Amino acid sequence: MKVTAFTRYDPRAASTRQRFVQYFPALREAGIEVEHLPLLGEDYVANLVTGEPYPATRVARAYAQRLGQLLTSRDSDLYWVYVELLPYIPALLERLAAGGKRIIYDFDDAFFHTYDQSGNPLVRALLGGKHAAQLKRAAACVCGNDYIERFAARYCDRTMVLPTVVDTEAYRPAAAAGSEALTIGWIGSPTTWPGVRPILPILEELCAQYRARFLVVGAGREAAREAFPAMVLRDWTEATEIGDVQSMDVGIMPLLDRPFERGKSGYKLIQYMACGLPAVASPVGVNVQIVEDGVNGFLASTAQEWRDALGSLLDSAQLRARLGSAGRARAVAEFSLDSQKERLIALFKSFA
């Protein structure tokens, strides 16, 4: 059996690494041949981080290359597609380009809201129903959380929730203590940084009170403009990602309560938990299923709840250890590569 994986980005993007590439060895071991064809290369993802505009000519070249990829992959039994083959192209044209192949779509975010809630009325009119039209003809849809599955199940007969997972053999608690200063940490991208802004005053206050630091990984230029003295900014790299998370004492995932954010898959929380960290998160979307309040972390809505939750964790090493240990156990049981790979293999084999 041969599967062609069409991702939007190359493996520099977490969505490509965690929802596709990390499964390739297990799929191949199960006798499933996998071909990987990204749409946009590493330079595009790098520009997302820096905020530099990406040349339209390169985007056009990437789309032309994708059409070529579709022509040369006709021997595949299945197309495994991250969200859509051709962003901002209507569903009918995309379906024609796919040539009638069976497609399994993968959604880890509520990308349907990019179109149906766009501020551009032309985008809403032309593309608002694109993902619904795709899913009506899909073989299956793999969904990062229940919010996405509820949408997909309205149109697709076969859906499956597959959380975004990590390899818990690689993501492990640190072997030794890191920085002497207590560290509140956040890891993400410039697109998710806006969720942190409302609690920046609280973080600055707590860092001063506890002589702690706030480690920010991957936020790019936006965070640099809003830095305070105890904020440490680091660029994201695949080589240092796990070590950066391990150097934290507490991980945070604040979110704005908006439709797109309600479809987030909680990847940050799973990274923190796998490394044995307690997490504090907004009670938005899947966060309320991942964080068990008072068991492996805390849920916080108001400024006072954020202050209380983070303050209690900074105050007590014992509390951090207890909640972190519970989070690690849950990550291994439910959010690890080993816990989910057989489910994905079974889905593909059912179409053999």
# chains A, B, ... in the order shown; residues from 1 in each chain; ligands from 1
call {"tool": "residues_around", "arguments": {"residues": "region 233-241 of chain A", "least_positions_apart": "3", "cutoff": "9 Å", "atoms": "only C-alpha atoms", "output": "list of chain:residue names"}}
result
A:Arg12, A:Val49, A:Ile187, A:Gly188, A:Ser189, A:Phe214, A:Leu215, A:Val216, A:Val217, A:Gly218, A:Ala219, A:Gly220, A:Ala223, A:Ala224, A:Ala227, A:Asp244, A:Val245, A:Gln246
call {"tool": "select_by_dssp", "arguments": {"residues": "region 102-171 of chain A", "states": "helix (DSSP H, G or I)", "output": "list in words"}}
result
Phe112, His113, Thr114, Tyr115, Asp116, Pro121, Leu122, Val123, Arg124, Ala125, Leu126, Leu127, Lys130, His131, Ala132, Ala133, Gln134, Leu135, Lys136, Asp146, Tyr147, Ile148, Glu149, Arg150, Phe151 and Ala152 of chain A
call {"tool": "residues_around", "arguments": {"residues": "Ala331 (chain A)", "least_positions_apart": "3", "cutoff": "12 Å", "atoms": "only C-alpha atoms", "output": "ChimeraX atom specification"}}
result
/A:163-169,171-173,266-278,290-291,296,324-328,334-340
call {"tool": "write_last_selection", "arguments": {"atoms": "C-alpha atoms", "output": "short mmCIF file (atom, residue, chain, number, x, y, z; two decimals), in the first residue's frame"}}
result
data_model
loop_
_atom_site.label_atom_id
_atom_site.label_comp_id
_atom_site.auth_asym_id
_atom_site.auth_seq_id
_atom_site.Cartn_x
_atom_site.Cartn_y
_atom_site.Cartn_z
CA PRO A 163 -4.54 14.15 19.41
CA THR A 164 -1.30 15.85 18.51
CA VAL A 165 1.26 13.68 20.29
CA VAL A 166 4.95 13.62 21.11
CA ASP A 167 7.53 10.88 21.36
CA THR A 168 7.71 10.49 25.12
CA GLU A 169 11.02 8.67 24.79
CA TYR A 171 10.27 14.35 25.57
CA ARG A 172 11.22 13.41 29.12
CA PRO A 173 11.67 15.22 32.43
CA GLY A 266 -3.20 21.69 22.96
CA TYR A 267 0.22 20.75 21.60
CA LYS A 268 2.07 23.06 24.02
CA LEU A 269 0.38 21.41 26.98
CA ILE A 270 1.40 17.96 25.78
CA GLN A 271 5.01 19.10 25.37
CA TYR A 272 5.02 20.47 28.93
CA MET A 273 3.36 17.41 30.44
CA ALA A 274 5.66 14.96 28.67
CA CYS A 275 8.61 16.80 30.24
CA GLY A 276 7.05 16.53 33.69
CA LEU A 277 5.96 20.16 34.00
CA PRO A 278 2.76 21.42 35.60
CA ILE A 290 -5.98 17.96 28.77
CA VAL A 291 -5.53 19.94 31.99
CA ASN A 296 -1.76 17.98 36.47
CA GLY A 324 4.22 17.45 36.87
CA SER A 325 4.39 13.74 37.66
CA ALA A 326 0.65 13.36 37.02
CA GLY A 327 1.01 15.21 33.72
CA ARG A 328 3.88 13.00 32.62
CA GLU A 334 -2.80 9.20 26.10
CA PHE A 335 -0.65 11.71 24.23
CA SER A 336 2.39 9.71 23.20
CA LEU A 337 3.35 8.42 19.78
CA ASP A 338 3.26 4.85 21.10
CA SER A 339 -0.29 5.29 22.40
CA GLN A 340 -1.70 6.51 19.07
#
call {"tool": "atom_distance", "arguments": {"atom1": "CA of Gly129 (chain A)", "atom2": "CA of Arg150 (chain A)"}}
result
15.6 Å
call {"tool": "residues_around", "arguments": {"residues": "Ile148 (chain A)", "least_positions_apart": "5", "cutoff": "9 Å", "atoms": "only C-alpha atoms", "output": "VMD selection string"}}
result
chain A and resid 107 to 110 143 153 161 263 to 264
call {"tool": "select_by_dssp", "arguments": {"residues": "region 65-307 of chain A", "states": "strand (DSSP E or B)", "output": "ChimeraX atom specification"}}
result
/A:78-82,103-107,140-143,159-161,166,183-187,213-217,231-234,250-253,279-281,293,297-299
call {"tool": "closest_residue", "arguments": {"among": "A:Leu93, A:Met231, A:Cys141, A:Ala98", "to": "Arg74 (chain A)", "atoms": "only C-alpha atoms"}}
result
A:Ala98
call {"tool": "closest_residue", "arguments": {"among": "A:Leu182, A:Ile202, A:Ile103, A:Val232", "to": "Asp315 (chain A)", "atoms": "only C-alpha atoms"}}
result
A:Leu182
call {"tool": "atom_distance", "arguments": {"atom1": "CA of Val284 (chain A)", "atom2": "CA of Ser265 (chain A)"}}
result
10.4 Å
call {"tool": "closest_residue", "arguments": {"among": "A:Lys2, A:Glu342, A:Met248, A:Val286", "to": "Glu180 (chain A)", "atoms": "only C-alpha atoms"}}
result
A:Met248
call {"tool": "atom_distance", "arguments": {"atom1": "CA of Ala13 (chain A)", "atom2": "CA of Pro254 (chain A)"}}
result
20.6 Å
call {"tool": "closest_residue", "arguments": {"among": "A:Ala181, A:Ala91, A:Leu127, A:Leu344", "to": "Ile104 (chain A)", "atoms": "only C-alpha atoms"}}
result
A:Leu344
call {"tool": "residues_around", "arguments": {"residues": "Glu205 (chain A)", "least_positions_apart": "6", "cutoff": "12 Å", "atoms": "only C-alpha atoms", "output": "list in words"}}
result
Ile199, Arg211, Ala212, Arg213, Phe214, Phe228, Pro229, Ala230, Met231, Ala303, Trp306, Arg307, Leu310 and Gly311 of chain A
call {"tool": "write_last_selection", "arguments": {"atoms": "N, CA and C atoms", "output": "compact mmCIF listing (two decimals), in the first residue's frame"}}
result
# COMPACT_ATOMS: atom_id res chain seq x y z
N ILE A 199 -1.81 38.58 29.72
CA ILE A 199 -1.26 38.24 31.03
C ILE A 199 0.20 38.68 31.19
N ARG A 211 11.74 36.54 41.74
CA ARG A 211 13.04 36.56 41.07
C ARG A 211 13.12 35.44 40.04
N ALA A 212 12.03 35.27 39.34
CA ALA A 212 11.91 34.24 38.32
C ALA A 212 12.17 34.85 36.95
N ARG A 213 12.10 34.01 35.92
CA ARG A 213 12.24 34.49 34.55
C ARG A 213 11.10 33.93 33.72
N PHE A 214 10.82 34.59 32.62
CA PHE A 214 9.80 34.13 31.68
C PHE A 214 10.51 33.79 30.38
N PHE A 228 10.04 42.47 28.87
CA PHE A 228 10.35 43.13 30.14
C PHE A 228 11.65 42.52 30.66
N PRO A 229 12.27 43.10 31.70
CA PRO A 229 13.63 42.67 32.08
C PRO A 229 13.81 41.19 32.34
N ALA A 230 12.81 40.52 32.91
CA ALA A 230 12.97 39.10 33.24
C ALA A 230 12.53 38.16 32.11
N MET A 231 12.21 38.73 30.95
CA MET A 231 11.80 37.91 29.81
C MET A 231 13.02 37.50 29.00
N ALA A 303 -7.48 37.43 35.55
CA ALA A 303 -6.13 37.84 35.95
C ALA A 303 -5.78 37.28 37.33
N TRP A 306 -4.95 33.54 37.12
CA TRP A 306 -3.59 33.35 36.61
C TRP A 306 -2.56 33.65 37.69
N ARG A 307 -2.78 34.73 38.42
CA ARG A 307 -1.83 35.12 39.47
C ARG A 307 -1.79 34.05 40.56
N LEU A 310 -0.16 30.54 39.13
CA LEU A 310 1.29 30.62 38.94
C LEU A 310 2.00 30.86 40.26
N GLY A 311 1.40 31.68 41.11
CA GLY A 311 2.02 31.95 42.41
C GLY A 311 2.12 30.71 43.26
call {"tool": "residues_around", "arguments": {"residues": "Ser282 (chain A)", "least_positions_apart": "3", "cutoff": "6 Å", "atoms": "only C-alpha atoms", "output": "JSON, numbers by chain"}}
result
{"A": [254, 255, 299, 300, 301]}
